[in-house]
>>> print(open('final05.cif').read())   # mmCIF, C-alpha atoms
data_model
loop_
_atom_site.label_atom_id
_atom_site.label_comp_id
_atom_site.auth_asym_id
_atom_site.auth_seq_id
_atom_site.Cartn_x
_atom_site.Cartn_y
_atom_site.Cartn_z
CA MET H 1 74.74 76.33 106.72
CA PRO H 2 76.26 73.34 108.55
CA THR H 3 76.70 73.81 112.29
CA LEU H 4 79.08 71.67 114.31
CA THR H 5 78.26 71.15 117.98
CA LEU H 6 80.94 70.40 120.51
CA ARG H 7 81.36 69.97 124.22
CA THR H 8 84.44 71.30 125.94
CA SER H 9 85.66 69.67 129.12
CA ARG H 10 87.95 72.24 130.76
CA ARG H 11 88.03 76.00 131.38
CA GLU H 12 90.68 76.39 128.67
CA GLU H 13 91.24 73.96 125.86
CA PHE H 14 92.00 73.79 122.13
CA LEU H 15 89.94 71.25 120.17
CA ASP H 16 91.04 70.17 116.69
CA LEU H 17 88.13 70.73 114.30
CA THR H 18 90.03 69.79 111.15
CA PRO H 19 88.52 66.32 110.51
CA ARG H 20 84.94 67.58 110.86
CA VAL H 21 85.54 70.65 108.68
CA ALA H 22 87.40 68.57 106.08
CA ALA H 23 84.48 66.14 105.91
CA LEU H 24 82.07 68.97 105.06
CA VAL H 25 84.43 70.25 102.38
CA ALA H 26 84.82 66.76 100.90
CA GLU H 27 81.05 66.34 100.79
CA ALA H 28 80.62 69.65 98.93
CA GLY H 29 83.58 69.13 96.58
CA GLY H 30 84.94 71.74 94.19
CA ALA H 31 86.95 74.85 95.03
CA GLY H 32 86.28 77.86 97.21
CA LEU H 33 86.77 79.46 100.58
CA CYS H 34 85.86 77.59 103.76
CA HIS H 35 84.83 80.04 106.48
CA VAL H 36 84.63 78.64 110.02
CA PHE H 37 82.82 80.98 112.41
CA VAL H 38 82.48 80.89 116.22
CA PRO H 39 79.23 82.54 117.46
CA HIS H 40 80.49 83.03 121.04
CA THR H 41 82.36 85.78 122.91
CA THR H 42 84.56 83.72 125.26
CA ALA H 43 85.79 81.21 122.69
CA GLY H 44 87.69 81.83 119.46
CA ILE H 45 89.34 79.97 116.64
CA THR H 46 92.89 79.75 115.35
CA ILE H 47 95.17 77.63 113.22
CA ASN H 48 98.33 76.08 114.61
CA GLU H 49 100.48 72.96 114.79
CA ASN H 50 98.81 69.55 114.72
CA ALA H 51 101.83 67.35 115.41
CA ASP H 52 103.28 68.05 118.85
CA PRO H 53 100.59 68.62 121.53
CA SER H 54 103.10 70.65 123.57
CA VAL H 55 102.62 73.51 121.09
CA VAL H 56 98.98 73.90 122.06
CA ARG H 57 99.84 73.63 125.77
CA ASP H 58 102.45 76.36 125.33
CA LEU H 59 99.96 78.57 123.46
CA LEU H 60 97.44 78.30 126.30
CA ALA H 61 100.09 78.90 128.98
CA ALA H 62 101.50 81.94 127.17
CA LEU H 63 98.03 83.41 126.69
CA ARG H 64 97.42 82.98 130.44
CA ARG H 65 100.60 84.93 131.18
CA LEU H 66 99.58 87.67 128.72
CA VAL H 67 96.02 87.97 130.03
CA PRO H 68 95.81 86.84 133.68
CA ALA H 69 92.45 85.43 134.76
CA ASP H 70 92.54 87.45 137.99
CA GLY H 71 93.48 90.86 136.55
CA ASP H 72 91.91 94.15 137.59
CA TYR H 73 88.64 93.76 135.66
CA THR H 74 85.25 95.41 136.12
CA HIS H 75 83.05 92.80 134.36
CA ALA H 76 81.30 90.95 137.15
CA GLU H 77 81.18 87.51 135.56
CA GLY H 78 84.88 86.89 136.21
CA ASN H 79 85.66 85.90 132.63
CA SER H 80 87.07 89.13 131.21
CA ASP H 81 90.31 87.31 130.41
CA ALA H 82 88.32 84.89 128.23
CA HIS H 83 86.76 87.74 126.24
CA LEU H 84 90.17 89.23 125.44
CA LYS H 85 91.81 85.89 124.63
CA ALA H 86 88.95 85.20 122.19
CA SER H 87 89.43 88.57 120.46
CA LEU H 88 93.20 87.95 120.24
CA MET H 89 92.66 84.61 118.49
CA GLY H 90 89.69 85.88 116.47
CA PHE H 91 86.25 84.47 115.72
CA SER H 92 86.77 83.01 112.28
CA ALA H 93 89.31 81.08 110.25
CA SER H 94 89.17 81.08 106.45
CA VAL H 95 90.91 78.34 104.52
CA PRO H 96 90.89 77.91 100.72
CA TYR H 97 89.85 74.50 99.35
CA GLN H 98 90.37 72.83 96.00
CA ASP H 99 89.01 69.56 94.63
CA GLY H 100 87.06 69.12 97.86
CA ARG H 101 90.18 69.40 100.05
CA LEU H 102 91.30 72.12 102.46
CA THR H 103 94.64 73.56 101.36
CA LEU H 104 96.03 73.60 104.90
CA GLY H 105 99.79 73.39 105.31
CA THR H 106 101.31 70.08 106.39
CA TRP H 107 101.48 71.04 110.07
CA GLN H 108 98.30 73.09 110.29
CA ALA H 109 95.13 72.21 112.17
CA ILE H 110 92.04 74.36 112.80
CA TYR H 111 91.54 74.72 116.56
CA PHE H 112 88.43 75.73 118.46
CA CYS H 113 89.76 77.80 121.40
CA GLU H 114 87.74 77.43 124.60
CA PHE H 115 88.56 80.08 127.21
CA ASP H 116 85.56 79.82 129.54
CA GLY H 117 84.47 76.21 129.62
CA PRO H 118 83.38 73.58 130.12
CA ARG H 119 80.39 74.35 127.89
CA SER H 120 78.37 73.23 124.91
CA ARG H 121 79.52 75.24 121.91
CA GLU H 122 78.73 75.69 118.21
CA VAL H 123 80.78 76.39 115.12
CA ARG H 124 79.32 77.42 111.75
CA VAL H 125 80.97 76.30 108.55
CA GLN H 126 80.19 78.22 105.39
CA LEU H 127 81.58 77.25 101.99
CA ILE H 128 81.80 80.01 99.38
CA SER H 129 82.46 78.34 96.05
CA ALA H 130 84.89 79.97 93.64
CA ARG H 131 83.99 80.53 90.02
CA MET A 1 95.11 79.02 93.06
CA PRO A 2 98.20 81.23 92.70
CA THR A 3 100.97 80.54 95.19
CA LEU A 4 103.67 83.09 95.97
CA THR A 5 107.01 81.77 97.13
CA LEU A 6 109.30 83.83 99.28
CA ARG A 7 112.58 83.53 101.13
CA THR A 8 112.98 85.19 104.51
CA SER A 9 116.44 86.24 105.65
CA ARG A 10 116.15 86.69 109.43
CA ARG A 11 114.48 84.94 112.37
CA GLU A 12 111.84 87.67 112.55
CA GLU A 13 110.89 89.89 109.67
CA PHE A 14 107.86 91.49 107.98
CA LEU A 15 107.87 91.31 104.17
CA ASP A 16 105.56 93.55 102.15
CA LEU A 17 103.49 91.32 99.83
CA THR A 18 101.30 94.13 98.47
CA PRO A 19 102.87 94.53 95.00
CA ARG A 20 102.71 90.79 94.25
CA VAL A 21 99.14 90.43 95.52
CA ALA A 22 98.03 93.57 93.66
CA ALA A 23 99.51 92.17 90.43
CA LEU A 24 97.39 89.00 90.75
CA VAL A 25 94.28 91.09 91.39
CA ALA A 26 95.02 93.35 88.39
CA GLU A 27 95.46 90.30 86.16
CA ALA A 28 92.09 88.88 87.27
CA GLY A 29 90.24 92.22 87.17
CA GLY A 30 86.69 92.77 88.36
CA ALA A 31 85.46 92.91 91.96
CA GLY A 32 85.57 90.48 94.83
CA LEU A 33 87.39 89.40 97.96
CA CYS A 34 91.13 88.72 97.89
CA HIS A 35 92.04 86.10 100.48
CA VAL A 36 95.76 85.75 101.29
CA PHE A 37 96.52 82.58 103.26
CA VAL A 38 99.72 81.45 105.02
CA PRO A 39 100.04 77.61 105.18
CA HIS A 40 102.59 77.65 108.03
CA THR A 41 102.42 77.62 111.84
CA THR A 42 105.36 79.89 112.75
CA ALA A 43 104.57 82.67 110.28
CA GLY A 44 101.44 84.78 109.97
CA ILE A 45 100.07 87.69 108.03
CA THR A 46 98.87 91.16 108.96
CA ILE A 47 98.14 94.56 107.53
CA ASN A 48 99.93 97.68 108.75
CA GLU A 49 101.68 100.87 107.78
CA ASN A 50 103.69 100.98 104.56
CA ALA A 51 105.26 104.41 104.92
CA ASP A 52 107.58 104.56 107.93
CA PRO A 53 109.65 101.35 108.38
CA SER A 54 109.97 102.15 112.10
CA VAL A 55 106.36 101.01 112.55
CA VAL A 56 107.21 97.47 111.50
CA ARG A 57 110.34 97.48 113.69
CA ASP A 58 108.22 98.60 116.65
CA LEU A 59 105.63 95.90 115.94
CA LEU A 60 108.30 93.19 115.99
CA ALA A 61 109.95 94.59 119.14
CA ALA A 62 106.63 94.87 120.98
CA LEU A 63 105.67 91.31 120.01
CA ARG A 64 109.04 90.10 121.36
CA ARG A 65 108.30 91.81 124.70
CA LEU A 66 104.80 90.28 124.79
CA VAL A 67 105.96 86.77 123.92
CA PRO A 68 109.60 86.23 124.96
CA ALA A 69 111.55 83.72 122.87
CA ASP A 70 113.02 82.15 126.01
CA GLY A 71 109.86 81.75 128.06
CA ASP A 72 108.97 78.68 130.08
CA TYR A 73 107.85 76.48 127.18
CA THR A 74 107.56 72.72 126.88
CA HIS A 75 107.75 72.39 123.07
CA ALA A 76 111.23 71.07 122.37
CA GLU A 77 111.90 72.87 119.10
CA GLY A 78 112.48 76.20 120.86
CA ASN A 79 110.06 78.14 118.68
CA SER A 80 106.95 78.25 120.86
CA ASP A 81 107.08 82.04 120.80
CA ALA A 82 106.83 81.92 117.00
CA HIS A 83 103.70 79.75 117.15
CA LEU A 84 101.93 82.22 119.46
CA LYS A 85 103.05 85.32 117.53
CA ALA A 86 101.66 83.73 114.35
CA SER A 87 98.29 83.03 116.00
CA LEU A 88 98.18 86.61 117.34
CA MET A 89 98.68 88.05 113.85
CA GLY A 90 96.53 85.39 112.18
CA PHE A 91 96.99 83.22 109.10
CA SER A 92 94.96 85.12 106.55
CA ALA A 93 94.19 88.64 105.42
CA SER A 94 91.10 89.39 103.35
CA VAL A 95 90.93 92.58 101.32
CA PRO A 96 88.08 93.63 99.00
CA TYR A 97 88.96 94.58 95.42
CA GLN A 98 87.12 96.56 92.76
CA ASP A 99 87.99 97.16 89.10
CA GLY A 100 91.03 94.93 89.54
CA ARG A 101 92.43 96.98 92.43
CA LEU A 102 92.77 96.18 96.13
CA THR A 103 90.79 98.67 98.22
CA LEU A 104 93.56 99.03 100.80
CA GLY A 105 93.73 102.27 102.75
CA THR A 106 96.37 104.82 101.80
CA TRP A 107 98.82 103.70 104.48
CA GLN A 108 98.08 99.97 104.42
CA ALA A 109 100.37 97.20 103.21
CA ILE A 110 99.89 93.42 103.49
CA TYR A 111 102.80 91.96 105.47
CA PHE A 112 104.03 88.38 105.61
CA CYS A 113 105.16 87.93 109.24
CA GLU A 114 108.14 85.61 109.66
CA PHE A 115 108.72 84.52 113.26
CA ASP A 116 111.01 81.50 112.82
CA GLY A 117 113.20 82.18 109.81
CA PRO A 118 115.17 82.30 107.74
CA ARG A 119 113.14 79.88 105.61
CA SER A 120 111.50 79.32 102.27
CA ARG A 121 107.81 80.10 102.64
CA GLU A 122 104.59 80.07 100.61
CA VAL A 123 101.51 82.25 100.51
CA ARG A 124 98.27 81.31 98.71
CA VAL A 125 96.16 83.97 97.07
CA GLN A 126 92.53 83.17 96.36
CA LEU A 127 90.20 85.58 94.58
CA ILE A 128 86.48 85.14 95.23
CA SER A 129 84.65 87.25 92.65
CA ALA A 130 81.56 89.17 93.71
CA ARG A 131 78.36 88.98 91.72
CA MET L 1 80.85 98.55 97.85
CA PRO L 2 79.05 100.31 100.73
CA THR L 3 81.28 102.42 102.95
CA LEU L 4 80.27 103.43 106.46
CA THR L 5 81.72 106.65 107.82
CA LEU L 6 82.13 107.22 111.52
CA ARG L 7 83.57 109.74 113.92
CA THR L 8 85.35 108.56 117.04
CA SER L 9 85.43 110.80 120.10
CA ARG L 10 88.29 109.47 122.22
CA ARG L 11 91.83 108.14 121.75
CA GLU L 12 90.61 104.60 122.41
CA GLU L 13 87.07 103.44 121.95
CA PHE L 14 85.00 100.51 120.66
CA LEU L 15 81.98 101.47 118.53
CA ASP L 16 79.23 98.93 117.85
CA LEU L 17 78.75 98.69 114.07
CA THR L 18 76.21 95.86 114.20
CA PRO L 19 73.03 97.84 113.43
CA ARG L 20 74.56 99.56 110.39
CA VAL L 21 76.07 96.34 109.03
CA ALA L 22 72.84 94.41 109.67
CA ALA L 23 70.88 97.06 107.73
CA LEU L 24 73.11 96.56 104.67
CA VAL L 25 72.68 92.80 104.89
CA ALA L 26 68.90 93.13 105.24
CA GLU L 27 68.78 95.38 102.19
CA ALA L 28 70.73 92.86 100.11
CA GLY L 29 68.89 89.79 101.42
CA GLY L 30 69.84 86.21 100.67
CA ALA L 31 72.78 84.23 102.05
CA GLY L 32 76.52 84.75 101.95
CA LEU L 33 79.55 86.08 103.75
CA CYS L 34 79.59 89.64 105.09
CA HIS L 35 83.14 91.01 105.11
CA VAL L 36 83.72 94.18 107.15
CA PHE L 37 87.07 95.81 106.37
CA VAL L 38 88.91 98.67 108.12
CA PRO L 39 91.21 100.62 105.72
CA HIS L 40 93.32 102.16 108.52
CA THR L 41 96.48 101.15 110.40
CA THR L 42 95.71 102.44 113.92
CA ALA L 43 92.16 101.09 114.15
CA GLY L 44 90.94 97.51 113.87
CA ILE L 45 87.80 95.46 114.17
CA THR L 46 86.69 92.65 116.44
CA ILE L 47 83.63 90.84 117.69
CA ASN L 48 82.72 90.69 121.37
CA GLU L 49 79.97 91.01 123.94
CA ASN L 50 77.12 93.44 123.33
CA ALA L 51 75.33 93.16 126.68
CA ASP L 52 77.53 94.39 129.50
CA PRO L 53 79.57 97.52 128.57
CA SER L 54 82.15 96.59 131.23
CA VAL L 55 83.43 93.87 128.87
CA VAL L 56 84.52 96.44 126.31
CA ARG L 57 86.07 98.64 129.02
CA ASP L 58 88.02 95.62 130.29
CA LEU L 59 89.18 94.76 126.78
CA LEU L 60 90.55 98.28 126.25
CA ALA L 61 92.20 98.34 129.71
CA ALA L 62 93.80 94.92 129.21
CA LEU L 63 95.11 95.92 125.76
CA ARG L 64 96.66 99.04 127.33
CA ARG L 65 98.46 96.88 129.88
CA LEU L 66 99.67 94.52 127.13
CA VAL L 67 100.86 97.29 124.82
CA PRO L 68 101.75 100.44 126.81
CA ALA L 69 101.32 103.74 124.97
CA ASP L 70 104.68 104.97 126.27
CA GLY L 71 106.82 101.93 125.49
CA ASP L 72 110.31 102.08 123.99
CA TYR L 73 109.25 102.78 120.39
CA THR L 74 111.17 104.28 117.47
CA HIS L 75 108.21 105.48 115.34
CA ALA L 76 108.13 109.25 115.80
CA GLU L 77 104.38 109.77 115.68
CA GLY L 78 103.87 108.38 119.19
CA ASN L 79 101.17 105.92 118.17
CA SER L 80 103.15 102.69 117.84
CA ASP L 81 100.93 101.11 120.48
CA ALA L 82 97.90 101.83 118.29
CA HIS L 83 99.49 100.06 115.30
CA LEU L 84 100.12 96.90 117.34
CA LYS L 85 96.70 96.92 119.02
CA ALA L 86 95.10 97.17 115.57
CA SER L 87 97.11 94.18 114.27
CA LEU L 88 96.18 92.18 117.39
CA MET L 89 92.46 92.77 116.79
CA GLY L 90 92.78 92.48 113.00
CA PHE L 91 91.46 94.58 110.12
CA SER L 92 88.46 92.56 109.08
CA ALA L 93 85.58 90.57 110.53
CA SER L 94 83.69 88.05 108.42
CA VAL L 95 80.22 86.94 109.46
CA PRO L 96 77.95 84.54 107.55
CA TYR L 97 74.41 85.71 106.77
CA GLN L 98 71.24 83.85 105.82
CA ASP L 99 67.84 85.17 104.74
CA GLY L 100 69.22 88.69 104.94
CA ARG L 101 70.33 88.31 108.58
CA LEU L 102 73.79 88.12 110.13
CA THR L 103 74.24 84.81 111.96
CA LEU L 104 75.93 86.44 114.95
CA GLY L 105 75.66 84.68 118.29
CA THR L 106 73.22 86.05 120.86
CA TRP L 107 75.89 88.04 122.72
CA GLN L 108 78.00 89.09 119.76
CA ALA L 109 78.42 92.58 118.35
CA ILE L 110 80.83 93.80 115.66
CA TYR L 111 83.06 96.51 117.14
CA PHE L 112 85.13 99.14 115.37
CA CYS L 113 88.27 99.48 117.52
CA GLU L 114 89.70 103.00 117.63
CA PHE L 115 93.23 103.16 119.05
CA ASP L 116 94.41 106.59 117.89
CA GLY L 117 91.39 108.88 117.85
CA PRO L 118 89.47 111.00 117.85
CA ARG L 119 89.27 110.83 114.05
CA SER L 120 86.97 110.43 111.08
CA ARG L 121 87.11 106.81 109.97
CA GLU L 122 85.72 104.51 107.29
CA VAL L 123 84.63 100.89 107.19
CA ARG L 124 83.94 98.95 103.98
CA VAL L 125 81.25 96.30 103.91
CA GLN L 126 81.38 93.70 101.17
CA LEU L 127 78.74 91.01 100.75
CA ILE L 128 79.79 87.84 98.93
CA SER L 129 76.64 85.94 98.11
CA ALA L 130 76.66 82.14 98.45
CA ARG L 131 75.40 79.89 95.68
#
>>> encode(input="final05.cif", output="structure tokens")
Amino acid sequence: MPTLTLRTSRREEFLDLTPRVAALVAEAGGAGLCHVFVPHTTAGITINENADPSVVRDLLAALRRLVPADGDYTHAEGNSDAHLKASLMGFSASVPYQDGRLTLGTWQAIYFCEFDGPRSREVRVQLISAR
Amino acid sequence: MPTLTLRTSRREEFLDLTPRVAALVAEAGGAGLCHVFVPHTTAGITINENADPSVVRDLLAALRRLVPADGDYTHAEGNSDAHLKASLMGFSASVPYQDGRLTLGTWQAIYFCEFDGPRSREVRVQLISAR
Amino acid sequence: MPTLTLRTSRREEFLDLTPRVAALVAEAGGAGLCHVFVPHTTAGITINENADPSVVRDLLAALRRLVPADGDYTHAEGNSDAHLKASLMGFSASVPYQDGRLTLGTWQAIYFCEFDGPRSREVRVQLISAR
């Protein structure tokens, strides 16, 4: 199963994985379901707008308001907010593909969601072909 | 891959897609995983109660309290709240099926979640058959 | 399709399903996508840290702050908060497997998320083998 490696550069950051995932789908060809999985607990994955970078900034700022970093937490590592933000976004995104192309909407990108960086991270991409 | 088209009639609204998805599954028959995908960035998809419509009203009201429409956003289109609500609900729902029937729980329905309507929208339904 | 039954013992609780799901994957062997589905509307499923139990306590506490149990809801059963918490976590988790083993990250566990217990609950586990 192909694994993408990435390096985040801030505590919180969304990285667009679409070109790398699309390249794997193009290489495999055919039709099926592309499942992108994050094997971490303080980073997640979501889909959102690829055009205006202010959308991603607003998403991160709104998540910070929802889940403050300095809330009343018991976990000693000081990243409880990151664990919840990751669960809110989720740990996988599944996108159908056809003829070796992801069927994303025009404005959609697949974002890796870092909530406790900077770190080295991994993402697993599994293609389940349709019959 | 079958595509459902729908027309929402309010800014925020949950539309029950279950009958249309179930019809596609019945037509295909057999067993597998039904993957329902929303190719938008200001609408999502979730599963929730089909019996009492007050549940869906409460979900929408609680999401509005969590993510105010008039927050301190930088995205100029004025729909940043819709982008976050969509990411919180997610862009796909996956439901197993057997003998041509979705294995939803008794009280479950699959809801299209409009957060920036009214609009014309699409939903893609992909069936991955099990072996 | 294998169905796990479980009994929750509190109103809100995360139960680690990983050993039971891993056993089903080991029995089947091979590679594919393991789809774990919750057929309820006041319980969900997520992935998060398996090492320090304070992470799960913090997740539950932070969700309670986000979605108060005694908010201004119209649904008469008094569990509207549970419906929204379930939609925020989601109703399925999908994890790739290889050689009969889930490819979870080192710190990841699959958690059943009870938000309106104690109750008897079910979880469906579907394995879609890869070709």
>>> atom_distance(input="final05.cif", atom1="CA of Leu63 (chain L)", atom2="CA of Ala86 (chain H)")
12.9 Å
>>> closest_residue(input="final05.cif", among="L:Ala22, L:Leu88, L:Cys113, L:Ile47", to="chain A", atoms="all atoms listed in the file")
L:Leu88
>>> calpha_fit_and_write(input="final05.cif", fixed="chain L", moving="chain H", output="short mmCIF file (atom, residue, chain, number, x, y, z; two decimals) with C-alpha atoms, keeping the file's coordinate frame")
data_model
loop_
_atom_site.label_atom_id
_atom_site.label_comp_id
_atom_site.auth_asym_id
_atom_site.auth_seq_id
_atom_site.Cartn_x
_atom_site.Cartn_y
_atom_site.Cartn_z
CA MET H 1 80.83 98.57 97.84
CA PRO H 2 79.05 100.31 100.73
CA THR H 3 81.28 102.42 102.95
CA LEU H 4 80.26 103.42 106.45
CA THR H 5 81.71 106.65 107.83
CA LEU H 6 82.12 107.21 111.53
CA ARG H 7 83.57 109.72 113.92
CA THR H 8 85.34 108.56 117.04
CA SER H 9 85.42 110.79 120.08
CA ARG H 10 88.28 109.46 122.23
CA ARG H 11 91.83 108.15 121.75
CA GLU H 12 90.61 104.60 122.41
CA GLU H 13 87.07 103.44 121.95
CA PHE H 14 85.00 100.51 120.66
CA LEU H 15 81.99 101.48 118.52
CA ASP H 16 79.24 98.94 117.85
CA LEU H 17 78.75 98.69 114.08
CA THR H 18 76.22 95.86 114.20
CA PRO H 19 73.02 97.84 113.43
CA ARG H 20 74.56 99.55 110.39
CA VAL H 21 76.08 96.33 109.02
CA ALA H 22 72.84 94.41 109.66
CA ALA H 23 70.88 97.05 107.74
CA LEU H 24 73.09 96.56 104.67
CA VAL H 25 72.67 92.80 104.90
CA ALA H 26 68.89 93.12 105.25
CA GLU H 27 68.76 95.38 102.20
CA ALA H 28 70.72 92.86 100.10
CA GLY H 29 68.87 89.79 101.41
CA GLY H 30 69.83 86.19 100.67
CA ALA H 31 72.78 84.23 102.04
CA GLY H 32 76.52 84.76 101.94
CA LEU H 33 79.54 86.09 103.74
CA CYS H 34 79.58 89.64 105.10
CA HIS H 35 83.14 91.00 105.12
CA VAL H 36 83.71 94.18 107.14
CA PHE H 37 87.06 95.80 106.37
CA VAL H 38 88.91 98.66 108.12
CA PRO H 39 91.21 100.62 105.72
CA HIS H 40 93.32 102.16 108.52
CA THR H 41 96.48 101.15 110.40
CA THR H 42 95.71 102.44 113.91
CA ALA H 43 92.16 101.10 114.15
CA GLY H 44 90.94 97.51 113.87
CA ILE H 45 87.80 95.47 114.17
CA THR H 46 86.69 92.66 116.45
CA ILE H 47 83.62 90.85 117.69
CA ASN H 48 82.74 90.70 121.36
CA GLU H 49 79.97 91.01 123.94
CA ASN H 50 77.12 93.44 123.32
CA ALA H 51 75.33 93.19 126.66
CA ASP H 52 77.54 94.42 129.50
CA PRO H 53 79.58 97.54 128.57
CA SER H 54 82.16 96.61 131.23
CA VAL H 55 83.42 93.89 128.87
CA VAL H 56 84.53 96.45 126.31
CA ARG H 57 86.08 98.64 129.03
CA ASP H 58 88.01 95.62 130.30
CA LEU H 59 89.18 94.76 126.77
CA LEU H 60 90.56 98.27 126.26
CA ALA H 61 92.21 98.34 129.70
CA ALA H 62 93.82 94.93 129.20
CA LEU H 63 95.12 95.91 125.77
CA ARG H 64 96.66 99.03 127.34
CA ARG H 65 98.47 96.86 129.88
CA LEU H 66 99.69 94.51 127.12
CA VAL H 67 100.87 97.30 124.83
CA PRO H 68 101.74 100.45 126.83
CA ALA H 69 101.32 103.73 124.97
CA ASP H 70 104.67 105.00 126.28
CA GLY H 71 106.82 101.94 125.50
CA ASP H 72 110.30 102.07 124.00
CA TYR H 73 109.25 102.78 120.40
CA THR H 74 111.16 104.28 117.49
CA HIS H 75 108.20 105.49 115.36
CA ALA H 76 108.13 109.24 115.82
CA GLU H 77 104.38 109.76 115.68
CA GLY H 78 103.88 108.38 119.20
CA ASN H 79 101.18 105.91 118.18
CA SER H 80 103.15 102.68 117.85
CA ASP H 81 100.93 101.11 120.50
CA ALA H 82 97.91 101.82 118.28
CA HIS H 83 99.50 100.06 115.30
CA LEU H 84 100.12 96.90 117.33
CA LYS H 85 96.71 96.91 119.02
CA ALA H 86 95.11 97.16 115.56
CA SER H 87 97.12 94.18 114.26
CA LEU H 88 96.19 92.17 117.38
CA MET H 89 92.47 92.77 116.79
CA GLY H 90 92.79 92.50 113.00
CA PHE H 91 91.46 94.57 110.11
CA SER H 92 88.45 92.56 109.07
CA ALA H 93 85.57 90.58 110.53
CA SER H 94 83.68 88.04 108.42
CA VAL H 95 80.22 86.95 109.46
CA PRO H 96 77.96 84.54 107.55
CA TYR H 97 74.41 85.72 106.77
CA GLN H 98 71.26 83.86 105.82
CA ASP H 99 67.85 85.16 104.74
CA GLY H 100 69.24 88.69 104.94
CA ARG H 101 70.33 88.30 108.58
CA LEU H 102 73.80 88.11 110.14
CA THR H 103 74.23 84.80 111.96
CA LEU H 104 75.93 86.43 114.95
CA GLY H 105 75.66 84.67 118.29
CA THR H 106 73.23 86.04 120.87
CA TRP H 107 75.88 88.05 122.72
CA GLN H 108 78.00 89.09 119.76
CA ALA H 109 78.43 92.58 118.35
CA ILE H 110 80.83 93.81 115.66
CA TYR H 111 83.06 96.52 117.14
CA PHE H 112 85.12 99.14 115.36
CA CYS H 113 88.27 99.48 117.51
CA GLU H 114 89.70 103.00 117.62
CA PHE H 115 93.23 103.15 119.05
CA ASP H 116 94.40 106.57 117.88
CA GLY H 117 91.41 108.87 117.86
CA PRO H 118 89.47 111.02 117.84
CA ARG H 119 89.25 110.83 114.04
CA SER H 120 86.96 110.43 111.08
CA ARG H 121 87.10 106.81 109.98
CA GLU H 122 85.71 104.50 107.29
CA VAL H 123 84.61 100.89 107.18
CA ARG H 124 83.93 98.94 103.98
CA VAL H 125 81.24 96.30 103.91
CA GLN H 126 81.38 93.70 101.17
CA LEU H 127 78.74 91.00 100.74
CA ILE H 128 79.80 87.84 98.92
CA SER H 129 76.64 85.92 98.09
CA ALA H 130 76.66 82.15 98.44
CA ARG H 131 75.41 79.91 95.67
#
>>> closest_atom_pairs(input="final05.cif", of="chain H", to="chain A", cutoff="10 Å", atoms="all atoms listed in the file", output="CSV")
residue,atom,partner,partner_atom,distance
H:Ala31,CA,A:Met1,CA,9.4
H:Gly32,CA,A:Ile128,CA,7.5
H:Leu33,CA,A:Ile128,CA,7.8
H:Ile45,CA,A:Ser87,CA,9.5
H:Thr46,CA,A:Ser87,CA,6.4
H:Ile47,CA,A:Ser87,CA,6.8
H:Asn48,CA,A:Thr41,CA,5.2
H:Glu49,CA,A:Thr41,CA,5.8
H:Asn50,CA,A:Thr41,CA,9.3
H:Asp52,CA,A:His75,CA,7.5
H:Pro53,CA,A:His75,CA,8.2
H:Ser54,CA,A:His75,CA,5.0
H:Val55,CA,A:His75,CA,5.6
H:Val56,CA,A:His75,CA,9.0
H:Arg57,CA,A:Thr74,CA,7.9
H:Asp58,CA,A:Tyr73,CA,5.7
H:Leu59,CA,A:Leu84,CA,5.8
H:Leu60,CA,A:Leu84,CA,9.1
H:Ala61,CA,A:Tyr73,CA,8.3
H:Ala62,CA,A:Val67,CA,7.3
H:Leu63,CA,A:Leu84,CA,8.3
H:Arg65,CA,A:Val67,CA,9.2
H:Leu66,CA,A:Leu66,CA,7.0
H:Lys85,CA,A:Leu88,CA,9.7
H:Ser87,CA,A:Leu88,CA,9.5
H:Leu88,CA,A:Leu88,CA,5.9
H:Met89,CA,A:Leu88,CA,6.0
H:Gly90,CA,A:Gly90,CA,8.1
H:Ala93,CA,A:Ser92,CA,7.9
H:Ser94,CA,A:Ser92,CA,7.1
H:Val95,CA,A:Phe37,CA,7.1
H:Pro96,CA,A:Gln126,CA,7.0
H:Tyr97,CA,A:Met1,CA,9.4
H:Gln98,CA,A:Met1,CA,8.3
H:Thr103,CA,A:Pro39,CA,7.8
H:Leu104,CA,A:Pro39,CA,5.7
H:Gly105,CA,A:Pro39,CA,4.2
H:Thr106,CA,A:Pro39,CA,7.7
H:Trp107,CA,A:Thr41,CA,6.9
H:Gln108,CA,A:Thr41,CA,6.3
H:Ala109,CA,A:Thr41,CA,9.1
H:Ile128,CA,A:Ile128,CA,8.1
H:Ser129,CA,A:Ile128,CA,7.9
H:Ala130,CA,A:Ile128,CA,5.6
H:Arg131,CA,A:Ser129,CA,7.2
>>> atom_distance(input="final05.cif", atom1="CA of Gly100 (chain L)", atom2="CA of Gly30 (chain H)")
25.5 Å
>>> residues_around(input="final05.cif", residues="Arg10 (chain A)", least_positions_apart="5", cutoff="9 Å", atoms="all atoms listed in the file", output="PyMOL selection string")
chain A and resi 114-119
>>> atom_distance(input="final05.cif", atom1="CA of Ala28 (chain A)", atom2="CA of Arg121 (chain A)")
23.7 Å
>>> resolve_selection(input="final05.cif", expression="the PyMOL selection byres ((chain L and resi 4) around 7)", output="list of chain:residue names")
L:Pro2, L:Thr3, L:Thr5, L:Leu6, L:Glu122, L:Val123, L:Arg124
>>> closest_residue(input="final05.cif", among="A:Ala26, A:Leu102, A:Ala69, A:Ala51", to="Arg11 (chain A)", atoms="only C-alpha atoms")
A:Ala69
>>> resolve_selection(input="final05.cif", expression="the PyMOL selection byres ((chain H and resi 17) around 9)", output="ChimeraX atom specification")
/H:15-16,18-22,109-112
>>> closest_residue(input="final05.cif", among="A:Asp70, A:Glu27, A:Glu13, A:Arg7", to="Arg101 (chain A)", atoms="all atoms listed in the file")
A:Glu27
